[in-house]
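Novice: Got a structure for you, upload-v5.cif, holding mmCIF, C-alpha atoms and all ligand atoms.
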data_run
loop_
_atom_site.label_atom_id
_atom_site.label_comp_id
_atom_site.auth_asym_id
_atom_site.auth_seq_id
_atom_site.Cartn_x
_atom_site.Cartn_y
_atom_site.Cartn_z
CA MET A 1 -57.00 110.99 18.34
CA THR A 2 -55.10 107.69 18.30
CA THR A 3 -51.32 107.72 17.80
CA GLU A 4 -51.84 105.95 14.49
CA THR A 5 -54.12 108.80 13.32
CA MET A 6 -51.50 111.35 14.39
CA ASP A 7 -48.93 109.30 12.45
CA PHE A 8 -50.64 109.34 9.09
CA ILE A 9 -51.65 112.98 9.48
CA SER A 10 -48.04 113.99 10.11
CA SER A 11 -46.67 111.82 7.27
CA ASN A 12 -49.27 113.31 4.93
CA LYS A 13 -48.01 116.77 5.94
CA GLU A 14 -44.44 115.72 5.38
CA TYR A 15 -44.78 114.03 1.98
CA VAL A 16 -47.96 115.18 0.21
CA PHE A 17 -48.83 118.63 -1.19
CA ASN A 18 -51.07 120.48 1.19
CA THR A 19 -53.92 120.96 -1.32
CA TYR A 20 -56.85 119.34 0.48
CA GLY A 21 -58.67 119.89 3.76
CA ARG A 22 -58.83 116.19 4.59
CA SER A 23 -60.93 114.46 7.25
CA PRO A 24 -58.70 112.95 9.96
CA ILE A 25 -59.40 109.34 8.93
CA MET A 26 -57.84 106.95 6.43
CA LEU A 27 -60.19 104.60 4.58
CA VAL A 28 -58.69 101.20 3.85
CA GLU A 29 -61.49 98.97 2.59
CA GLY A 30 -65.11 98.98 1.53
CA LYS A 31 -68.04 96.83 0.48
CA GLY A 32 -71.18 98.18 -1.14
CA ALA A 33 -72.10 101.48 0.53
CA HIS A 34 -69.87 100.81 3.55
CA VAL A 35 -66.22 101.74 4.13
CA LYS A 36 -63.86 100.99 6.98
CA ASP A 37 -61.05 103.17 8.32
CA SER A 38 -57.59 102.15 9.49
CA ALA A 39 -58.82 101.94 13.10
CA GLY A 40 -61.53 99.46 12.07
CA LYS A 41 -64.42 101.94 12.40
CA GLU A 42 -67.20 101.50 9.80
CA TYR A 43 -68.99 104.26 7.93
CA LEU A 44 -71.96 104.50 5.63
CA ASP A 45 -70.64 106.25 2.54
CA PHE A 46 -72.83 109.11 1.27
CA VAL A 47 -69.84 110.78 -0.42
CA GLY A 48 -69.49 107.89 -2.87
CA GLY A 49 -66.02 108.97 -3.98
CA LEU A 50 -67.61 112.31 -4.99
CA ALA A 51 -70.01 110.54 -7.34
CA ALA A 52 -67.24 108.37 -8.79
CA CYS A 53 -68.46 105.12 -7.20
CA PRO A 54 -71.91 104.38 -8.66
CA LEU A 55 -71.55 100.66 -7.90
CA GLY A 56 -70.23 101.29 -4.39
CA HIS A 57 -67.07 99.55 -3.20
CA ALA A 58 -65.72 96.16 -4.23
CA HIS A 59 -68.65 95.45 -6.55
CA PRO A 60 -68.03 91.87 -7.76
CA VAL A 61 -68.74 92.61 -11.44
CA LEU A 62 -66.34 95.57 -11.48
CA VAL A 63 -63.64 93.77 -9.48
CA LYS A 64 -63.81 90.80 -11.85
CA ALA A 65 -63.62 92.99 -14.96
CA ILE A 66 -60.60 94.91 -13.63
CA CYS A 67 -58.75 91.77 -12.46
CA GLU A 68 -59.36 89.91 -15.71
CA GLN A 69 -58.27 92.87 -17.83
CA ALA A 70 -55.20 93.51 -15.64
CA GLY A 71 -54.17 89.90 -16.20
CA LYS A 72 -54.42 90.35 -19.98
CA LEU A 73 -53.35 93.89 -20.85
CA ILE A 74 -53.32 97.13 -18.87
CA HIS A 75 -51.96 99.62 -21.35
CA VAL A 76 -50.71 99.77 -24.93
CA SER A 77 -51.25 103.41 -26.10
CA ASN A 78 -53.59 104.69 -28.76
CA LEU A 79 -51.16 103.71 -31.51
CA PHE A 80 -53.19 100.49 -31.59
CA HIS A 81 -56.85 99.50 -31.66
CA ILE A 82 -58.18 98.75 -28.18
CA GLN A 83 -61.06 96.32 -27.92
CA PRO A 84 -62.58 97.46 -24.55
CA GLN A 85 -62.31 101.10 -25.71
CA ILE A 86 -64.34 100.35 -28.85
CA GLU A 87 -66.86 98.45 -26.74
CA LEU A 88 -67.21 101.34 -24.25
CA ALA A 89 -67.61 103.85 -27.10
CA ARG A 90 -70.27 101.62 -28.67
CA LEU A 91 -72.22 101.35 -25.41
CA LEU A 92 -72.02 105.11 -24.74
CA THR A 93 -73.03 106.18 -28.24
CA GLU A 94 -75.81 103.58 -28.60
CA ASN A 95 -77.31 104.88 -25.37
CA SER A 96 -76.94 108.63 -25.92
CA PHE A 97 -77.32 111.42 -28.48
CA ALA A 98 -73.68 110.97 -29.50
CA ASP A 99 -72.15 109.30 -32.55
CA LYS A 100 -68.54 109.19 -31.35
CA ALA A 101 -66.53 109.11 -28.13
CA PHE A 102 -62.99 110.17 -27.23
CA PHE A 103 -61.47 108.95 -23.96
CA CYS A 104 -59.17 110.75 -21.55
CA ASN A 105 -58.42 110.61 -17.83
CA SER A 106 -60.48 113.13 -15.89
CA GLY A 107 -63.35 115.57 -16.00
CA ALA A 108 -61.10 118.56 -16.52
CA GLU A 109 -59.37 116.84 -19.42
CA ALA A 110 -62.72 115.94 -21.00
CA ASN A 111 -63.79 119.59 -20.71
CA GLU A 112 -60.48 120.77 -22.21
CA GLY A 113 -61.27 118.47 -25.14
CA ALA A 114 -64.77 119.96 -25.45
CA ILE A 115 -63.34 123.50 -25.48
CA LYS A 116 -60.74 122.58 -28.12
CA LEU A 117 -63.32 120.73 -30.22
CA SER A 118 -65.73 123.67 -30.29
CA ARG A 119 -62.92 126.07 -31.29
CA LYS A 120 -61.79 123.68 -34.04
CA PHE A 121 -65.38 123.26 -35.29
CA PHE A 122 -65.69 126.95 -36.14
CA HIS A 123 -62.07 127.26 -37.26
CA ASP A 124 -62.77 124.54 -39.86
CA ARG A 125 -65.70 126.61 -41.13
CA GLY A 126 -63.47 129.66 -41.60
CA GLU A 127 -65.02 131.45 -38.59
CA HIS A 128 -61.68 132.08 -36.92
CA GLU A 129 -62.98 134.81 -34.59
CA ARG A 130 -65.66 132.53 -33.22
CA TYR A 131 -64.00 130.92 -30.20
CA HIS A 132 -65.79 132.44 -27.24
CA ILE A 133 -67.53 130.14 -24.75
CA ILE A 134 -70.24 131.30 -22.36
CA THR A 135 -70.41 129.39 -19.08
CA MET A 136 -72.38 129.89 -15.88
CA LYS A 137 -71.62 131.72 -12.68
CA ASN A 138 -71.15 129.28 -9.79
CA SER A 139 -70.20 126.51 -12.24
CA PHE A 140 -67.38 124.01 -11.88
CA HIS A 141 -65.51 122.60 -14.88
CA GLY A 142 -62.11 121.59 -13.51
CA ARG A 143 -58.68 122.85 -12.41
CA THR A 144 -56.61 123.07 -15.58
CA LEU A 145 -56.00 126.58 -16.90
CA ALA A 146 -58.74 126.55 -19.55
CA THR A 147 -61.31 124.78 -17.37
CA LEU A 148 -60.52 127.20 -14.51
CA ALA A 149 -61.25 130.07 -16.88
CA ALA A 150 -64.51 128.27 -17.73
CA THR A 151 -65.35 127.81 -14.04
CA GLY A 152 -67.56 130.64 -12.82
CA GLN A 153 -66.22 130.86 -9.27
CA THR A 154 -63.47 133.38 -8.53
CA LYS A 155 -62.37 131.51 -5.39
CA TYR A 156 -60.86 128.79 -7.61
CA ARG A 157 -59.35 131.21 -10.13
CA ASP A 158 -57.71 133.78 -7.85
CA GLY A 159 -53.93 133.68 -7.93
CA PHE A 160 -53.62 131.90 -11.26
CA GLU A 161 -53.76 134.95 -13.52
CA PRO A 162 -53.51 135.57 -16.39
CA HIS A 163 -56.65 133.54 -17.18
CA THR A 164 -57.06 131.71 -20.46
CA GLN A 165 -59.07 134.02 -22.69
CA GLY A 166 -62.31 133.31 -24.48
CA PHE A 167 -64.72 132.75 -21.58
CA SER A 168 -67.46 134.76 -19.93
CA HIS A 169 -69.97 133.88 -17.22
CA VAL A 170 -73.67 134.57 -16.84
CA PRO A 171 -76.00 133.70 -13.92
CA PHE A 172 -77.19 130.06 -14.02
CA GLY A 173 -80.90 129.87 -14.82
CA ASP A 174 -81.17 133.47 -16.08
CA TYR A 175 -82.17 133.06 -19.71
CA GLU A 176 -82.36 136.77 -20.54
CA SER A 177 -78.79 137.55 -19.53
CA LEU A 178 -77.57 134.50 -21.45
CA GLU A 179 -79.39 135.67 -24.55
CA ARG A 180 -78.00 139.22 -24.14
CA SER A 181 -74.42 137.93 -23.85
CA ILE A 182 -74.45 136.15 -27.23
CA ASN A 183 -72.37 137.88 -29.91
CA PRO A 184 -70.80 136.92 -33.24
CA GLU A 185 -67.79 135.47 -31.38
CA THR A 186 -69.91 133.01 -29.41
CA ALA A 187 -68.95 129.45 -30.31
CA ALA A 188 -70.54 127.49 -27.50
CA ILE A 189 -72.53 127.54 -24.30
CA MET A 190 -71.09 125.19 -21.70
CA ILE A 191 -73.31 124.19 -18.82
CA GLU A 192 -73.82 121.61 -16.09
CA PRO A 193 -77.46 120.44 -16.30
CA ILE A 194 -77.39 120.53 -12.48
CA GLN A 195 -74.57 122.44 -10.77
CA GLY A 196 -72.80 119.97 -8.49
CA GLU A 197 -69.87 121.68 -6.73
CA GLY A 198 -71.94 124.86 -6.85
CA GLY A 199 -74.33 123.35 -4.29
CA ILE A 200 -76.70 121.08 -6.29
CA GLN A 201 -78.46 123.88 -8.16
CA ILE A 202 -81.38 122.78 -10.36
CA PRO A 203 -82.21 124.96 -13.40
CA PRO A 204 -85.67 126.57 -13.58
CA PRO A 205 -88.28 124.68 -15.65
CA GLU A 206 -87.91 125.17 -19.42
CA TYR A 207 -84.50 126.87 -18.99
CA LEU A 208 -82.46 124.15 -20.71
CA LEU A 209 -85.09 123.82 -23.45
CA LYS A 210 -84.74 127.54 -24.14
CA VAL A 211 -80.93 127.30 -24.08
CA ARG A 212 -81.08 124.48 -26.62
CA LYS A 213 -83.37 126.52 -28.87
CA LEU A 214 -81.10 129.57 -28.56
CA CYS A 215 -78.12 127.47 -29.65
CA ASP A 216 -80.08 126.13 -32.64
CA ASP A 217 -81.25 129.61 -33.67
CA LYS A 218 -77.76 131.13 -33.46
CA GLY A 219 -75.74 128.15 -34.71
CA ILE A 220 -74.00 127.83 -31.34
CA LEU A 221 -72.79 124.50 -29.92
CA LEU A 222 -74.28 123.26 -26.66
CA ILE A 223 -71.73 121.55 -24.40
CA LEU A 224 -73.17 119.70 -21.42
CA ASP A 225 -70.74 118.97 -18.60
CA GLU A 226 -72.21 115.76 -17.21
CA VAL A 227 -69.06 114.82 -15.30
CA GLN A 228 -71.08 114.68 -12.07
CA THR A 229 -74.68 114.29 -13.33
CA GLY A 230 -74.02 111.47 -15.82
CA MET A 231 -73.93 107.69 -15.35
CA GLY A 232 -77.34 107.27 -13.74
CA ARG A 233 -76.87 109.84 -10.98
CA THR A 234 -80.18 111.62 -11.72
CA GLY A 235 -82.18 108.43 -12.28
CA LYS A 236 -81.65 108.57 -16.06
CA LEU A 237 -78.40 107.45 -17.68
CA PHE A 238 -77.66 111.11 -18.54
CA ALA A 239 -79.19 114.17 -16.87
CA TYR A 240 -80.16 115.80 -20.19
CA GLU A 241 -82.82 113.07 -20.63
CA ASN A 242 -84.74 114.67 -17.74
CA PHE A 243 -84.96 118.00 -19.57
CA GLY A 244 -86.09 116.98 -23.06
CA ILE A 245 -82.93 118.21 -24.80
CA GLU A 246 -79.79 116.82 -26.42
CA PRO A 247 -76.39 118.51 -26.49
CA ASP A 248 -73.90 118.68 -29.37
CA ILE A 249 -71.03 117.78 -27.04
CA MET A 250 -71.11 116.07 -23.64
CA THR A 251 -68.35 115.36 -21.15
CA LEU A 252 -68.25 112.51 -18.64
CA ALA A 253 -65.80 111.31 -15.99
CA LYS A 254 -66.39 110.63 -12.26
CA GLY A 255 -68.74 107.59 -12.25
CA LEU A 256 -67.89 106.31 -15.72
CA ALA A 257 -65.42 103.60 -14.64
CA GLY A 258 -66.56 103.18 -11.04
CA GLY A 259 -63.52 104.93 -9.55
CA VAL A 260 -60.86 103.99 -12.08
CA PRO A 261 -59.66 107.30 -13.59
CA ILE A 262 -61.32 108.01 -16.93
CA GLY A 263 -62.93 110.87 -18.81
CA ALA A 264 -64.93 110.95 -22.03
CA LEU A 265 -65.83 113.50 -24.67
CA LEU A 266 -68.93 112.61 -26.68
CA ALA A 267 -70.27 114.38 -29.75
CA THR A 268 -72.40 114.08 -32.83
CA ASP A 269 -70.53 113.20 -36.03
CA ARG A 270 -71.04 116.75 -37.35
CA VAL A 271 -68.93 118.08 -34.47
CA ALA A 272 -66.63 115.11 -33.78
CA ASP A 273 -65.41 115.17 -37.41
CA SER A 274 -63.50 118.40 -36.65
CA PHE A 275 -60.88 116.38 -34.78
CA LYS A 276 -58.62 114.79 -37.39
CA PRO A 277 -55.63 112.50 -36.74
CA GLY A 278 -53.09 114.46 -34.71
CA ASN A 279 -55.51 117.15 -33.50
CA HIS A 280 -56.04 115.76 -30.01
CA ALA A 281 -54.54 112.92 -28.01
CA THR A 282 -53.64 111.55 -24.59
CA THR A 283 -51.36 108.69 -23.59
CA PHE A 284 -53.57 106.83 -21.13
CA GLY A 285 -57.02 107.77 -22.47
CA GLY A 286 -59.29 104.78 -23.01
CA ASN A 287 -56.62 102.27 -22.14
CA PRO A 288 -57.67 98.62 -21.81
CA LEU A 289 -57.92 98.73 -17.99
CA SER A 290 -60.03 101.86 -17.56
CA SER A 291 -62.19 100.99 -20.57
CA ALA A 292 -62.88 97.47 -19.29
CA ALA A 293 -63.92 99.04 -15.97
CA GLY A 294 -66.18 101.46 -17.87
CA VAL A 295 -67.79 98.63 -19.82
CA ALA A 296 -68.53 96.76 -16.58
CA VAL A 297 -70.05 99.86 -14.91
CA LEU A 298 -72.14 100.85 -17.91
CA THR A 299 -73.38 97.29 -18.49
CA GLU A 300 -74.46 97.12 -14.85
CA ILE A 301 -76.23 100.52 -14.95
CA LEU A 302 -77.99 99.53 -18.19
CA SER A 303 -79.08 96.16 -16.80
CA PRO A 304 -82.88 95.74 -16.49
CA GLY A 305 -84.30 97.40 -13.40
CA PHE A 306 -81.09 99.17 -12.29
CA LEU A 307 -82.19 102.73 -13.11
CA ASP A 308 -85.77 102.00 -11.95
CA ARG A 309 -84.28 101.13 -8.58
CA VAL A 310 -82.17 104.32 -8.59
CA ARG A 311 -85.35 106.33 -9.18
CA ILE A 312 -87.16 104.57 -6.34
CA MET A 313 -84.26 105.18 -3.93
CA SER A 314 -84.03 108.80 -5.12
CA GLY A 315 -87.68 109.38 -4.28
CA TYR A 316 -87.20 107.73 -0.93
CA LEU A 317 -84.08 109.75 0.00
CA ARG A 318 -85.78 112.96 -1.11
CA SER A 319 -88.96 112.33 0.85
CA ARG A 320 -87.02 111.41 4.01
CA LEU A 321 -84.90 114.61 3.72
CA GLU A 322 -88.13 116.57 3.31
CA ASP A 323 -89.54 114.91 6.45
CA VAL A 324 -86.45 115.98 8.38
CA ALA A 325 -86.02 119.54 7.10
CA PRO A 326 -89.01 121.30 8.74
CA LYS A 327 -88.13 119.82 12.14
CA TYR A 328 -84.80 121.68 12.41
CA SER A 329 -84.63 125.43 11.94
CA VAL A 330 -80.98 125.29 10.76
CA VAL A 331 -82.15 123.51 7.58
CA ARG A 332 -83.21 126.07 4.99
CA LEU A 333 -84.28 123.74 2.20
CA VAL A 334 -83.87 120.43 0.39
CA ARG A 335 -83.02 120.28 -3.29
CA GLY A 336 -81.63 117.89 -5.86
CA MET A 337 -82.48 115.31 -8.44
CA GLY A 338 -82.02 111.56 -8.33
CA LEU A 339 -79.28 110.44 -5.97
CA MET A 340 -77.75 113.91 -6.06
CA GLN A 341 -79.51 115.57 -3.15
CA ALA A 342 -78.63 118.33 -0.75
CA ILE A 343 -79.83 120.22 2.28
CA GLU A 344 -78.87 123.85 2.57
CA LEU A 345 -78.25 125.08 6.10
CA ASN A 346 -78.32 128.61 7.44
CA ILE A 347 -75.00 127.89 9.22
CA PRO A 348 -71.68 126.55 7.86
CA GLY A 349 -71.92 122.79 7.27
CA ALA A 350 -68.47 121.69 8.47
CA ASP A 351 -69.54 120.86 12.06
CA LEU A 352 -72.46 118.75 10.90
CA VAL A 353 -70.12 116.80 8.57
CA THR A 354 -67.79 116.09 11.53
CA MET A 355 -70.63 115.04 13.84
CA MET A 356 -72.09 112.70 11.24
CA ARG A 357 -68.66 111.21 10.55
CA ASN A 358 -68.13 110.57 14.25
CA SER A 359 -71.49 108.79 14.25
CA GLY A 360 -70.51 106.69 11.23
CA VAL A 361 -71.89 108.50 8.16
CA LEU A 362 -69.74 110.24 5.52
CA VAL A 363 -71.25 113.27 3.79
CA ASN A 364 -69.66 116.22 2.02
CA CYS A 365 -70.12 119.95 2.47
CA THR A 366 -69.93 122.13 -0.63
CA SER A 367 -70.46 125.87 -1.09
CA ASP A 368 -69.91 126.29 2.68
CA THR A 369 -73.51 125.66 3.79
CA VAL A 370 -74.68 122.82 1.54
CA ILE A 371 -74.60 119.20 2.75
CA ARG A 372 -74.36 117.00 -0.31
CA PHE A 373 -75.58 113.39 -0.52
CA LEU A 374 -74.00 111.39 -3.36
CA PRO A 375 -74.44 107.79 -2.24
CA PRO A 376 -73.50 104.88 -4.49
CA LEU A 377 -76.40 104.13 -6.84
CA ILE A 378 -76.75 100.71 -5.19
CA ILE A 379 -77.80 102.31 -1.88
CA SER A 380 -80.69 100.54 -0.10
CA GLY A 381 -83.73 101.92 1.71
CA GLN A 382 -82.40 100.59 4.99
CA GLU A 383 -79.08 102.39 4.47
CA ILE A 384 -80.91 105.63 3.68
CA GLU A 385 -82.87 105.16 6.92
CA GLU A 386 -79.63 104.64 8.90
CA MET A 387 -78.21 107.85 7.43
CA ILE A 388 -81.41 109.79 8.24
CA THR A 389 -81.30 108.64 11.87
CA ILE A 390 -77.76 109.96 12.24
CA LEU A 391 -78.55 113.14 10.32
CA GLU A 392 -81.43 113.87 12.70
CA ALA A 393 -79.38 113.14 15.80
CA SER A 394 -76.60 115.41 14.53
CA LEU A 395 -79.00 118.22 13.62
CA ALA A 396 -80.58 118.00 17.07
CA LYS A 397 -77.15 118.18 18.69
CA ILE A 398 -76.00 121.13 16.60
CA MET A 399 -79.10 123.08 17.68
CA GLU A 400 -78.60 122.48 21.40
C1 LIG B 1 -65.64 117.02 -10.75
C2 LIG B 1 -66.07 117.83 -11.89
C3 LIG B 1 -65.18 118.24 -12.90
C4 LIG B 1 -63.70 117.97 -12.82
O1 LIG B 1 -63.41 116.63 -12.88
P1 LIG B 1 -61.91 116.12 -12.52
O2 LIG B 1 -61.95 114.66 -12.81
O3 LIG B 1 -61.70 116.43 -11.08
O4 LIG B 1 -60.97 116.87 -13.38
C5 LIG B 1 -65.68 118.92 -13.98
N1 LIG B 1 -66.98 119.21 -14.08
C6 LIG B 1 -67.87 118.83 -13.15
C7 LIG B 1 -69.32 119.15 -13.33
C8 LIG B 1 -67.45 118.14 -12.01
O5 LIG B 1 -68.34 117.80 -11.07
#
Would it be possible to restate this file's structure as structure tokens?

Specialist:
Amino acid sequence: MTTETMDFISSNKEYVFNTYGRSPIMLVEGKGAHVKDSAGKEYLDFVGGLAACPLGHAHPVLVKAICEQAGKLIHVSNLFHIQPQIELARLLTENSFADKAFFCNSGAEANEGAIKLSRKFFHDRGEHERYHIITMKNSFHGRTLATLAATGQTKYRDGFEPHTQGFSHVPFGDYESLERSINPETAAIMIEPIQGEGGIQIPPPEYLLKVRKLCDDKGILLILDEVQTGMGRTGKLFAYENFGIEPDIMTLAKGLAGGVPIGALLATDRVADSFKPGNHATTFGGNPLSSAAGVAVLTEILSPGFLDRVRIMSGYLRSRLEDVAPKYSVVRLVRGMGLMQAIELNIPGADLVTMMRNSGVLVNCTSDTVIRFLPPLIISGQEIEEMITILEASLAKIME
């Protein structure tokens, strides 16, 4: 380790909360799917800011939009009308099931809004006991108290008792146990169309269709957490389009403004109307800067050919991972959708992540044994090939 590396590691320890297991590098600049660390070493970025950088780094359209908006107006508060916010809401609703959008600052905050909105919806109808939300085991919805209670993984919840009440968890993909858990208190089912932090878990065929039908039959709201799967990640603008369903409420964040913090809560008018002036608010949400960034990102993703290209690159990445998998016995399987792909190992993934980083490729390990690939949506075939070469070399080395 260089002295400079030792320096920033020790200052991090001294000044910053010790909440993350960070890699021992500091990234200082990037361009497209490449980033550079403080020692000048370059990496191919298959972490993509944890799916928050769909346009990669320093994308000229996004940089221009942010700089121009910063020069005009960064923030004013929601006491006033905000032109880029209206524009972003128009683009999102015209291209989704939703009629209205509310903006906030993160995925957890968007999910908090969804939880509050579904409670208010039934409260307004006089069904005051109907506030219970069913979520999935192995899910991830955020780190605030309510979204932690929604998250179906005890490792995140332990130590923060008492948990916010009104949540229960059923196995993801198991329709029968979901159906059995419905009772007169059930207000909503909240689900990630594909579980991201939970290891890129794809639901069984027809599952989401059946969940939608169950919600319709029982008058329950369907909340889709598309914080990770939205914004073109699966090859469609929103993941639900792959499954032939529409939600009543959807949450977005991560990729929405290309790395500028933002979250969004989208809903049909029937549901959105439950929030009246004063019911829900946030100081920064949908401010001119983050909204202008969102407009630039969404306009780019919606531009002709963009999502076609994402689908082509998705197919390419998937087929190359499938070529690699059978050659190395530590790889159990490949799974994913779009540019949200993973290989599951039969050993912990941390060493492979380190080896690949040393060879110049950044990937992330989730759920202990799952290597997750979340490249920027602008990734090229040649860059995928470079990653595959290093993946193979690292797998070979780990099996020595
Ligand atoms: C990342 C994530 C969240 C939390 O988003 P934050 O911006 O970190 O609060 C919620 N849901 C899903 C599906 C996520 O992937």

Novice: Between A:Thr93, A:Gln382, A:Gln341, A:Gln83, single out the one closest to Val363 in chain A, counting only C-alpha atoms.

Specialist: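 Closest candidate: A:Gln341.
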
Novice: Could you produce a table of the residues of chain A lying within 7 Å of ligand LIG 1 (chain B), with the nearest pair of atoms per residue and their separation in Å rounded to one decimal, using all atoms listed in the file, ordered by chain and increasing residue number, as a tab-separated table?

Specialist:
residue	atom	partner	partner_atom	distance
A:Ser106	CA	B:LIG1	O2	3.7
A:Gly107	CA	B:LIG1	O1	3.3
A:Ala108	CA	B:LIG1	O4	3.6
A:Glu109	CA	B:LIG1	O4	6.2
A:Phe140	CA	B:LIG1	N1	5.3
A:His141	CA	B:LIG1	N1	3.8
A:Gly142	CA	B:LIG1	C4	4.0
A:Arg143	CA	B:LIG1	O4	6.5
A:Glu192	CA	B:LIG1	C7	5.8
A:Gln195	CA	B:LIG1	C7	6.7
A:Gly196	CA	B:LIG1	O5	5.6
A:Glu197	CA	B:LIG1	O5	6.0
A:Asp225	CA	B:LIG1	C7	5.5
A:Glu226	CA	B:LIG1	C7	5.9
A:Val227	CA	B:LIG1	C6	4.7
A:Gln228	CA	B:LIG1	O5	4.3
A:Ala253	CA	B:LIG1	O2	6.0
A:Lys254	CA	B:LIG1	O2	6.0

Novice: Using only C-alpha atoms and a cutoff of 7 Å, can you tell me which residues are near (-76.5, 123.4, 0.6) in the file's coordinates, and write them out as a list in words?

Specialist: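 Within the cut-off we find Gly199, Ala342, Ile343, Glu344, Leu345, Thr366, Ser367, Thr369, Val370, Ile371 and Arg372 of chain A.
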
Novice: Got time to write the residues from that selection, C-alpha atoms, as a tab-separated table (two decimals), in the coordinates of the input?

Specialist:
chain	number	residue	atom	x	y	z
A	199	GLY	CA	-74.33	123.35	-4.29
A	342	ALA	CA	-78.63	118.33	-0.75
A	343	ILE	CA	-79.83	120.22	2.28
A	344	GLU	CA	-78.87	123.85	2.57
A	345	LEU	CA	-78.25	125.08	6.10
A	366	THR	CA	-69.93	122.13	-0.63
A	367	SER	CA	-70.46	125.87	-1.09
A	369	THR	CA	-73.51	125.66	3.79
A	370	VAL	CA	-74.68	122.82	1.54
A	371	ILE	CA	-74.60	119.20	2.75
A	372	ARG	CA	-74.36	117.00	-0.31

Novice: Skipping near chain neighbours, those fewer than 6 positions away, what residues fall within 12 Å of range 243-245 of chain A using all atoms listed in the file, listed as a VMD selection string?

Specialist: chain A and resid 96 to 97 193 to 194 202 to 213 215 to 216 222 to 224 234 236 337

Novice: Keeping only C-alpha atoms, write the selected residues as a tab-separated table (two decimals), in the coordinates of the input.

Specialist:
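For reference, out32.tsv as written:
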chain	number	residue	atom	x	y	z
A	96	SER	CA	-76.94	108.63	-25.92
A	97	PHE	CA	-77.32	111.42	-28.48
A	193	PRO	CA	-77.46	120.44	-16.30
A	194	ILE	CA	-77.39	120.53	-12.48
A	202	ILE	CA	-81.38	122.78	-10.36
A	203	PRO	CA	-82.21	124.96	-13.40
A	204	PRO	CA	-85.67	126.57	-13.58
A	205	PRO	CA	-88.28	124.68	-15.65
A	206	GLU	CA	-87.91	125.17	-19.42
A	207	TYR	CA	-84.50	126.87	-18.99
A	208	LEU	CA	-82.46	124.15	-20.71
A	209	LEU	CA	-85.09	123.82	-23.45
A	210	LYS	CA	-84.74	127.54	-24.14
A	211	VAL	CA	-80.93	127.30	-24.08
A	212	ARG	CA	-81.08	124.48	-26.62
A	213	LYS	CA	-83.37	126.52	-28.87
A	215	CYS	CA	-78.12	127.47	-29.65
A	216	ASP	CA	-80.08	126.13	-32.64
A	222	LEU	CA	-74.28	123.26	-26.66
A	223	ILE	CA	-71.73	121.55	-24.40
A	224	LEU	CA	-73.17	119.70	-21.42
A	234	THR	CA	-80.18	111.62	-11.72
A	236	LYS	CA	-81.65	108.57	-16.06
A	337	MET	CA	-82.48	115.31	-8.44

Novice: Choose the residue, out of A:Asn279, A:Thr186, A:Thr299, A:Thr154, that has the smallest atom-to-atom separation from Lys120 in chain A; count all atoms listed in the file.

Specialist: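 Of all the options, A:Asn279 lies closest to Lys120 in chain A.
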
Novice: Could you tell me which of A:Ile378, A:Leu44, A:Ile82, A:Met6 comes closest to Leu391 in chain A if we count only C-alpha atoms?

Specialist: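 With only C-alpha atoms as the atom set, the closest residue is A:Leu44.
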
Novice: Using all atoms listed in the file, pick whichever of A:Ile25, A:Ala39, A:Leu55, A:Ile134 has the shortest atom-to-atom distance to Gly255 in chain A.

Specialist: A:Leu55

Novice: Could you name the residues that touch range 314-325 of chain A at 9 Å or less, counting all atoms listed in the file, but leaving out those on the same chain fewer than 2 positions away, as an MDAnalysis selection string?

Specialist: chainID A and resid 234:235 309:312 327:343 381 384:385 388 391:392

Novice: Do a neighbour search on Asp124 in chain A at 10 Å with all atoms listed in the file, toss out local chain neighbours closer than 4 positions, and write the hits as a ChimeraX atom specification.

Specialist: /A:119-120,128,274-275

Novice: Using all atoms listed in the file, which residue out of A:Glu127, A:Leu214, A:Asn111, A:Gln69 lies closest to Leu148 in chain A?

Specialist: A:Asn111

Novice: Please, which residues are within 10 Å of (-70.3, 98.4, -17.4) by the file's coordinates, counting only C-alpha atoms, and could they come as an NGL selection string?

Specialist: :A and (55 or 61-62 or 65 or 87-88 or 91 or 256-258 or 291-303)

Novice: What is the CA of Asn183 in chain A-CA of Glu246 in chain A distance in Å, reported with one decimal?

Specialist: 22.6 Å

Novice: Can you tell me, as a list in words, what residues are no more than 9 Å from Asn78 in chain A when counting all atoms listed in the file, ignoring any on the same chain fewer than 3 positions away?

Specialist: His81, Ile82, Ala281, Thr282, Thr283, Phe284, Gly285, Gly286 and Asn287 of chain A

Novice: Ranking A:Leu117, A:Met387, A:Leu289, A:Met26 by minimum distance to Ser38 in chain A and counting all atoms listed in the file, which one comes first?

Specialist: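 Between A:Leu117, A:Met387, A:Leu289, A:Met26, the residue approaching Ser38 in chain A most closely is A:Met26.
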
Novice: Please, what is the axis-aligned box for every listed atom of range 31-50 of chain A with 4 Å on each side, as centre and edge lengths in Å to one decimal, as JSON?

Specialist:
{"center_x": -65.2, "center_y": 104.6, "center_z": 4.1, "size_x": 23.2, "size_y": 23.5, "size_z": 26.1}

Novice: Suppose you want the space between CA of Pro24 in chain A and CA of Asn12 in chain A; what is it in Å?

Specialist: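 Separation between CA of Pro24 in chain A and CA of Asn12 in chain A: 10.7 Å.
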
Novice: Report, in Å to a single decimal, how far apart CA of His57 in chain A and CA of Phe373 in chain A are.

Specialist: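 Answer for the CA of Phe373 in chain A to CA of His57 in chain A separation: 16.5 Å.
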
Novice: Pick out the residues sitting within 10 Å of Ile133 in chain A, and hand them over as a list in words; count all atoms listed in the file, and ignore anything fewer than 4 positions along from it in its own chain.

Specialist: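 In the requested format, the answer is Ile115, Ser118, Arg119, Ala150, Gln165, Gly166, Phe167, Ser168, His169, Ile182, Glu185, Thr186, Ala187, Ala188, Ile189, Met190, Ile220, Leu221, Leu222 and Ile223 of chain A.
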